[in-house]
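Since the structure comes first, as structure tokens, the remarks are kept for the end.
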Amino acid sequence: MNILRMFAAAMLAGAGLAGSMAAQAAWPADRPMSLVVPFPPGGATDIVGRTLAEALGKQLHQTVIVDNRGGAGGTIGAAYVSRAKPDGYTLFLATIAHTIAPSIYDTLSYDFEKDFAPVTLVASSPNMLIVNKDLPVNSVADLIRYAEAHPGELNFGSAGTGSIEHVSAELFARTAKVDIRHVPYKGSGPMLTDLISGQIQMAMETSGASIGQIRAHTVKVLGVSSAKPSSYFPEIPAIDESGLPGYSSLTWYGLLAPARTPADVVDKLHQAAIAALQSPEMKQTLQSIGADPGGNTPAQFAAYIAEQTKTWHEVLKGGK
């Protein structure tokens, strides 16, 4: 009798294992997937996320639903995904904000480098160094000389403390060794309004938010924050090449899954994402915000996340 029971138990265990393997092999099954976008609808991250979700859905022959979970600088959405089942059906669109957050918030309920499985960098775009049109500077070198001659008198605006605009300008000040003062706003809109009117003098704004004002000549643009001139804005010099060697700061978006997602599922997600980035819809969306497509490997993206986290920690915490 004991032998029969042992045989039955082995058969059941084998069946369970086979069922589990079959379920994993069948990924993605005929069920919706969700892409968590950690910011409210309407912004650049949401625009990228919605286009990516549609393109991924076509590649995987599944419905990919965008789930906006905004708040706390993108950390609410990140915390939600970090606790999600690692089965490949809950995905996350991270941004540079998630490598900044560990240096901004005293405590987080997740570890961005340990609780996620990187899939690929989706896109990156330069930020624009813009100044009030009446400021007597016409280049990055001019601005640095002006800041050196007027320590503490230049105010730079941002969309809020810890935003990419904030930390990019802090990196500029650290690299140039100049004393400029931060003025946080509740979003790019009111910040740009005050920059145009002269209430503040400069900003390191995202290309998507600033390009309209640049083209309307309501502000002066001195440089792009990429290491080399952007293919979308070839007429604007790189900050690195026009007065501040070594400076580089990009806004980026990346696709991740919860940690412990099976390696073969991550691999399939990576292949689908690479194909999605080549779709006409994705190319058009990225072009509209001046972003270049990504497409690196999961290992390369993991290394990039680690490097970015270290960089912003050094900028915001002085390496401590």
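Identifiers in the structure tokens: chain A, B, ... in order shown; residue index from 1 per chain; ligand index from 1 in order shown.
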
Residues at most 7 Å from A:Leu222, counting only C-alpha atoms, excluding those fewer than 6 positions away in the same chain, as a VMD selection string?
chain A and resid 129 to 130 138 to 140

For the selection you just gave me, I'd like the residues written to a file as a compact mmCIF listing (two decimals), in the first residue's frame, keeping C-alpha atoms.
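Written output follows (again-v5.txt):
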# COMPACT_ATOMS: atom_id res chain seq x y z
CA LEU A 129 19.91 74.01 -21.62
CA ILE A 130 17.65 77.03 -22.07
CA ASN A 138 24.87 83.10 -26.16
CA SER A 139 26.81 79.93 -25.44
CA VAL A 140 27.54 77.43 -22.69

Residues of stretch 145-319 of chain A classed as helix (DSSP H, G or I) by DSSP on the backbone are to be reported as a PyMOL selection string.
chain A and resi 145-149+164-176+188-197+207-215+239-241+263-277+280-288+298-317

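The shell of residues at most 8 Å from A:Leu121, with only C-alpha atoms counted and near chain neighbours (fewer than 4 positions) removed, consists of A:Trp252, A:Tyr253, A:Gly254, A:Leu255, A:Gly294, A:Gly295, A:Asn296, A:Phe301.
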
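For the choices A:Ala302, A:Leu195, A:Val266, A:Ile96, the atom-to-atom distance to A:Thr45 is smallest for A:Ile96 when using only C-alpha atoms.
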
Please provide the set of residues having any atom within 12 Å of A:Val36, restricted to only C-alpha atoms, with same-chain residues fewer than 6 positions apart removed, written as a PDB file with N, CA and C atoms, in the first residue's frame.
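Output saved as part24.pdb:
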ATOM      1  N   THR A  45       6.144  60.158 -20.640  1.00  0.00           N
ATOM      2  CA  THR A  45       6.255  58.751 -20.251  1.00  0.00           C
ATOM      3  C   THR A  45       5.003  57.991 -20.645  1.00  0.00           C
ATOM      4  N   ASP A  46       3.845  58.608 -20.447  1.00  0.00           N
ATOM      5  CA  ASP A  46       2.581  57.970 -20.816  1.00  0.00           C
ATOM      6  C   ASP A  46       2.480  57.783 -22.329  1.00  0.00           C
ATOM      7  N   VAL A  48       4.984  57.439 -24.482  1.00  0.00           N
ATOM      8  CA  VAL A  48       5.873  56.338 -24.841  1.00  0.00           C
ATOM      9  C   VAL A  48       5.262  55.007 -24.427  1.00  0.00           C
ATOM     10  N   GLY A  49       4.707  54.967 -23.211  1.00  0.00           N
ATOM     11  CA  GLY A  49       4.131  53.731 -22.705  1.00  0.00           C
ATOM     12  C   GLY A  49       2.974  53.218 -23.536  1.00  0.00           C
ATOM     13  N   ARG A  50       2.091  54.094 -23.953  1.00  0.00           N
ATOM     14  CA  ARG A  50       0.919  53.667 -24.727  1.00  0.00           C
ATOM     15  C   ARG A  50       1.323  53.157 -26.118  1.00  0.00           C
ATOM     16  N   LEU A  52       4.282  51.895 -26.850  1.00  0.00           N
ATOM     17  CA  LEU A  52       5.005  50.654 -26.624  1.00  0.00           C
ATOM     18  C   LEU A  52       4.039  49.506 -26.337  1.00  0.00           C
ATOM     19  N   ALA A  53       3.015  49.760 -25.537  1.00  0.00           N
ATOM     20  CA  ALA A  53       2.046  48.716 -25.202  1.00  0.00           C
ATOM     21  C   ALA A  53       1.362  48.189 -26.459  1.00  0.00           C
ATOM     22  N   VAL A  64      -2.082  44.342 -24.423  1.00  0.00           N
ATOM     23  CA  VAL A  64      -1.246  44.934 -23.373  1.00  0.00           C
ATOM     24  C   VAL A  64      -1.923  46.221 -22.932  1.00  0.00           C
ATOM     25  N   ILE A  65      -2.391  46.232 -21.700  1.00  0.00           N
ATOM     26  CA  ILE A  65      -3.158  47.352 -21.159  1.00  0.00           C
ATOM     27  C   ILE A  65      -2.240  48.273 -20.368  1.00  0.00           C
ATOM     28  N   VAL A  66      -2.333  49.576 -20.615  1.00  0.00           N
ATOM     29  CA  VAL A  66      -1.560  50.553 -19.846  1.00  0.00           C
ATOM     30  C   VAL A  66      -2.263  50.813 -18.517  1.00  0.00           C
ATOM     31  N   ASP A  67      -1.517  50.699 -17.440  1.00  0.00           N
ATOM     32  CA  ASP A  67      -2.031  50.912 -16.088  1.00  0.00           C
ATOM     33  C   ASP A  67      -1.259  52.070 -15.474  1.00  0.00           C
ATOM     34  N   ASN A  68      -1.869  53.269 -15.470  1.00  0.00           N
ATOM     35  CA  ASN A  68      -1.219  54.454 -14.902  1.00  0.00           C
ATOM     36  C   ASN A  68      -1.312  54.414 -13.379  1.00  0.00           C
ATOM     37  N   ARG A  69      -0.165  54.368 -12.730  1.00  0.00           N
ATOM     38  CA  ARG A  69      -0.106  54.386 -11.262  1.00  0.00           C
ATOM     39  C   ARG A  69       0.896  55.452 -10.846  1.00  0.00           C
ATOM     40  N   GLY A  70       0.471  56.709 -10.958  1.00  0.00           N
ATOM     41  CA  GLY A  70       1.361  57.825 -10.686  1.00  0.00           C
ATOM     42  C   GLY A  70       1.460  58.162  -9.210  1.00  0.00           C
ATOM     43  N   GLY A  74       7.102  58.632  -9.258  1.00  0.00           N
ATOM     44  CA  GLY A  74       7.188  57.357  -9.971  1.00  0.00           C
ATOM     45  C   GLY A  74       7.397  56.158  -9.073  1.00  0.00           C
ATOM     46  N   THR A  75       7.552  56.385  -7.755  1.00  0.00           N
ATOM     47  CA  THR A  75       7.879  55.277  -6.858  1.00  0.00           C
ATOM     48  C   THR A  75       6.668  54.431  -6.479  1.00  0.00           C
ATOM     49  N   ILE A  76       5.460  54.979  -6.570  1.00  0.00           N
ATOM     50  CA  ILE A  76       4.263  54.192  -6.248  1.00  0.00           C
ATOM     51  C   ILE A  76       4.084  53.071  -7.264  1.00  0.00           C
ATOM     52  N   GLY A  77       4.215  53.415  -8.540  1.00  0.00           N
ATOM     53  CA  GLY A  77       4.110  52.398  -9.582  1.00  0.00           C
ATOM     54  C   GLY A  77       5.211  51.364  -9.478  1.00  0.00           C
ATOM     55  N   ALA A  78       6.416  51.812  -9.152  1.00  0.00           N
ATOM     56  CA  ALA A  78       7.540  50.884  -9.018  1.00  0.00           C
ATOM     57  C   ALA A  78       7.299  49.911  -7.867  1.00  0.00           C
ATOM     58  N   ALA A  79       6.801  50.411  -6.752  1.00  0.00           N
ATOM     59  CA  ALA A  79       6.532  49.546  -5.604  1.00  0.00           C
ATOM     60  C   ALA A  79       5.486  48.502  -5.954  1.00  0.00           C
ATOM     61  N   TYR A  80       4.473  48.899  -6.692  1.00  0.00           N
ATOM     62  CA  TYR A  80       3.412  47.963  -7.093  1.00  0.00           C
ATOM     63  C   TYR A  80       3.979  46.828  -7.943  1.00  0.00           C
ATOM     64  N   VAL A  81       4.791  47.157  -8.930  1.00  0.00           N
ATOM     65  CA  VAL A  81       5.335  46.125  -9.815  1.00  0.00           C
ATOM     66  C   VAL A  81       6.339  45.246  -9.083  1.00  0.00           C
ATOM     67  N   SER A  82       7.079  45.818  -8.154  1.00  0.00           N
ATOM     68  CA  SER A  82       8.063  45.011  -7.412  1.00  0.00           C
ATOM     69  C   SER A  82       7.398  43.884  -6.627  1.00  0.00           C
ATOM     70  N   ALA A  84       4.503  42.431  -7.745  1.00  0.00           N
ATOM     71  CA  ALA A  84       3.664  41.662  -8.662  1.00  0.00           C
ATOM     72  C   ALA A  84       4.222  40.260  -8.886  1.00  0.00           C
ATOM     73  N   TYR A  89       3.338  38.843 -16.961  1.00  0.00           N
ATOM     74  CA  TYR A  89       2.090  39.503 -17.338  1.00  0.00           C
ATOM     75  C   TYR A  89       1.953  40.902 -16.745  1.00  0.00           C
ATOM     76  N   THR A  90       2.888  41.286 -15.874  1.00  0.00           N
ATOM     77  CA  THR A  90       2.935  42.649 -15.351  1.00  0.00           C
ATOM     78  C   THR A  90       4.300  43.222 -15.675  1.00  0.00           C
ATOM     79  N   LEU A  91       4.312  44.273 -16.480  1.00  0.00           N
ATOM     80  CA  LEU A  91       5.550  44.904 -16.928  1.00  0.00           C
ATOM     81  C   LEU A  91       5.614  46.322 -16.393  1.00  0.00           C
ATOM     82  N   PHE A  92       6.789  46.933 -16.485  1.00  0.00           N
ATOM     83  CA  PHE A  92       6.994  48.257 -15.908  1.00  0.00           C
ATOM     84  C   PHE A  92       7.779  49.137 -16.862  1.00  0.00           C
ATOM     85  N   LEU A  93       7.298  50.366 -17.062  1.00  0.00           N
ATOM     86  CA  LEU A  93       8.038  51.353 -17.852  1.00  0.00           C
ATOM     87  C   LEU A  93       8.733  52.307 -16.883  1.00  0.00           C
ATOM     88  N   ALA A  94       9.988  52.055 -16.639  1.00  0.00           N
ATOM     89  CA  ALA A  94      10.764  52.883 -15.725  1.00  0.00           C
ATOM     90  C   ALA A  94      11.346  54.076 -16.464  1.00  0.00           C
ATOM     91  N   THR A  95      11.781  55.060 -15.710  1.00  0.00           N
ATOM     92  CA  THR A  95      12.455  56.223 -16.284  1.00  0.00           C
ATOM     93  C   THR A  95      13.692  56.527 -15.448  1.00  0.00           C
ATOM     94  N   GLY A 254      12.739  52.778 -19.847  1.00  0.00           N
ATOM     95  CA  GLY A 254      13.180  51.391 -19.971  1.00  0.00           C
ATOM     96  C   GLY A 254      12.095  50.410 -19.576  1.00  0.00           C
ATOM     97  N   LEU A 255      12.136  49.232 -20.167  1.00  0.00           N
ATOM     98  CA  LEU A 255      11.159  48.176 -19.900  1.00  0.00           C
ATOM     99  C   LEU A 255      11.749  47.169 -18.913  1.00  0.00           C
ATOM    100  N   LEU A 256      10.992  46.878 -17.855  1.00  0.00           N
ATOM    101  CA  LEU A 256      11.418  45.913 -16.854  1.00  0.00           C
ATOM    102  C   LEU A 256      10.252  45.007 -16.471  1.00  0.00           C
ATOM    103  N   ALA A 257      10.579  43.906 -15.810  1.00  0.00           N
ATOM    104  CA  ALA A 257       9.599  42.999 -15.241  1.00  0.00           C
ATOM    105  C   ALA A 257       9.976  42.788 -13.776  1.00  0.00           C
ATOM    106  N   PRO A 258       9.103  42.192 -12.976  1.00  0.00           N
ATOM    107  CA  PRO A 258       9.495  41.889 -11.597  1.00  0.00           C
ATOM    108  C   PRO A 258      10.677  40.930 -11.553  1.00  0.00           C
TER     109      PRO A 258
END

Considering only C-alpha atoms, state which residue in the set A:Arg260, A:His150, A:His166, A:His313 is at the smallest distance from A:Thr206.
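Selected residue with least distance to A:Thr206: A:His166.
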
Fewer than 4 positions away in the same chain doesn't count, so skip those; otherwise give me all residues within 12 Å of A:Ser103, counting only C-alpha atoms, as a count of residues only.
23

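Within 6 Å of A:Thr297, once only C-alpha atoms are used and residues closer than 2 positions along the same chain are dropped, the contacting residues are Thr120, Ala299 and Gln300 of chain A.
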
Store the residues of this selection in a file with N, CA and C atoms, as a tab-separated table (two decimals), in the first residue's frame.
chain	number	residue	atom	x	y	z
A	120	THR	N	15.02	45.93	-21.54
A	120	THR	CA	15.80	46.74	-22.48
A	120	THR	C	15.54	48.22	-22.26
A	299	ALA	N	21.35	42.43	-19.83
A	299	ALA	CA	22.57	42.63	-19.04
A	299	ALA	C	23.12	44.04	-19.19
A	300	GLN	N	23.11	44.55	-20.40
A	300	GLN	CA	23.58	45.91	-20.65
A	300	GLN	C	22.69	46.94	-19.95

Find, counting only C-alpha atoms, the residue in A:Gly157, A:Gly223, A:Gly208, A:Gly290 that gets nearest to A:Lys186.
A:Gly157

Backbone-only DSSP, strand (DSSP E or B) members of stretch 45-203 of chain A, as a PyMOL selection string
chain A and resi 64-68+90-95+116-132+155-158+181-184+202-203

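Compared by their closest atoms to A:Thr51, and using only C-alpha atoms, the residues A:Ile180, A:Thr285, A:Ala147, A:Pro280 rank with A:Thr285 nearest.
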
Distance criterion (only C-alpha atoms): nearest to A:Ser242 out of A:Ala149, A:Ala141, A:Leu154, A:Val219:
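Going through A:Ala149, A:Ala141, A:Leu154, A:Val219 one by one, the smallest distance to A:Ser242 is for A:Ala141.
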
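Minimum atom-to-atom distances from A:Pro293, A:Asp30, A:Ala259, A:Val178 to A:Lys114 were compared using only C-alpha atoms, and the lowest value belongs to A:Ala259.
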
Counting only C-alpha atoms, what is within 9 Å of A:Asp240, bar same-chain residues fewer than 6 positions away, as number ranges by chain?
A: 223-228, 246-248

Saved selection, atoms kept: C-alpha atoms, as a PDB file, in the first residue's frame:
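Listed below is the output, again22.pdb:
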ATOM      1  CA  GLY A 223      23.076  73.302 -25.833  1.00  0.00           C
ATOM      2  CA  VAL A 224      21.779  69.739 -25.672  1.00  0.00           C
ATOM      3  CA  SER A 225      22.786  67.486 -22.806  1.00  0.00           C
ATOM      4  CA  SER A 226      23.804  64.476 -24.903  1.00  0.00           C
ATOM      5  CA  ALA A 227      27.498  63.770 -25.387  1.00  0.00           C
ATOM      6  CA  LYS A 228      27.152  64.682 -29.077  1.00  0.00           C
ATOM      7  CA  GLY A 246      32.492  65.603 -19.901  1.00  0.00           C
ATOM      8  CA  TYR A 247      28.907  66.709 -19.318  1.00  0.00           C
ATOM      9  CA  SER A 248      26.127  64.317 -20.323  1.00  0.00           C
TER      10      SER A 248
END
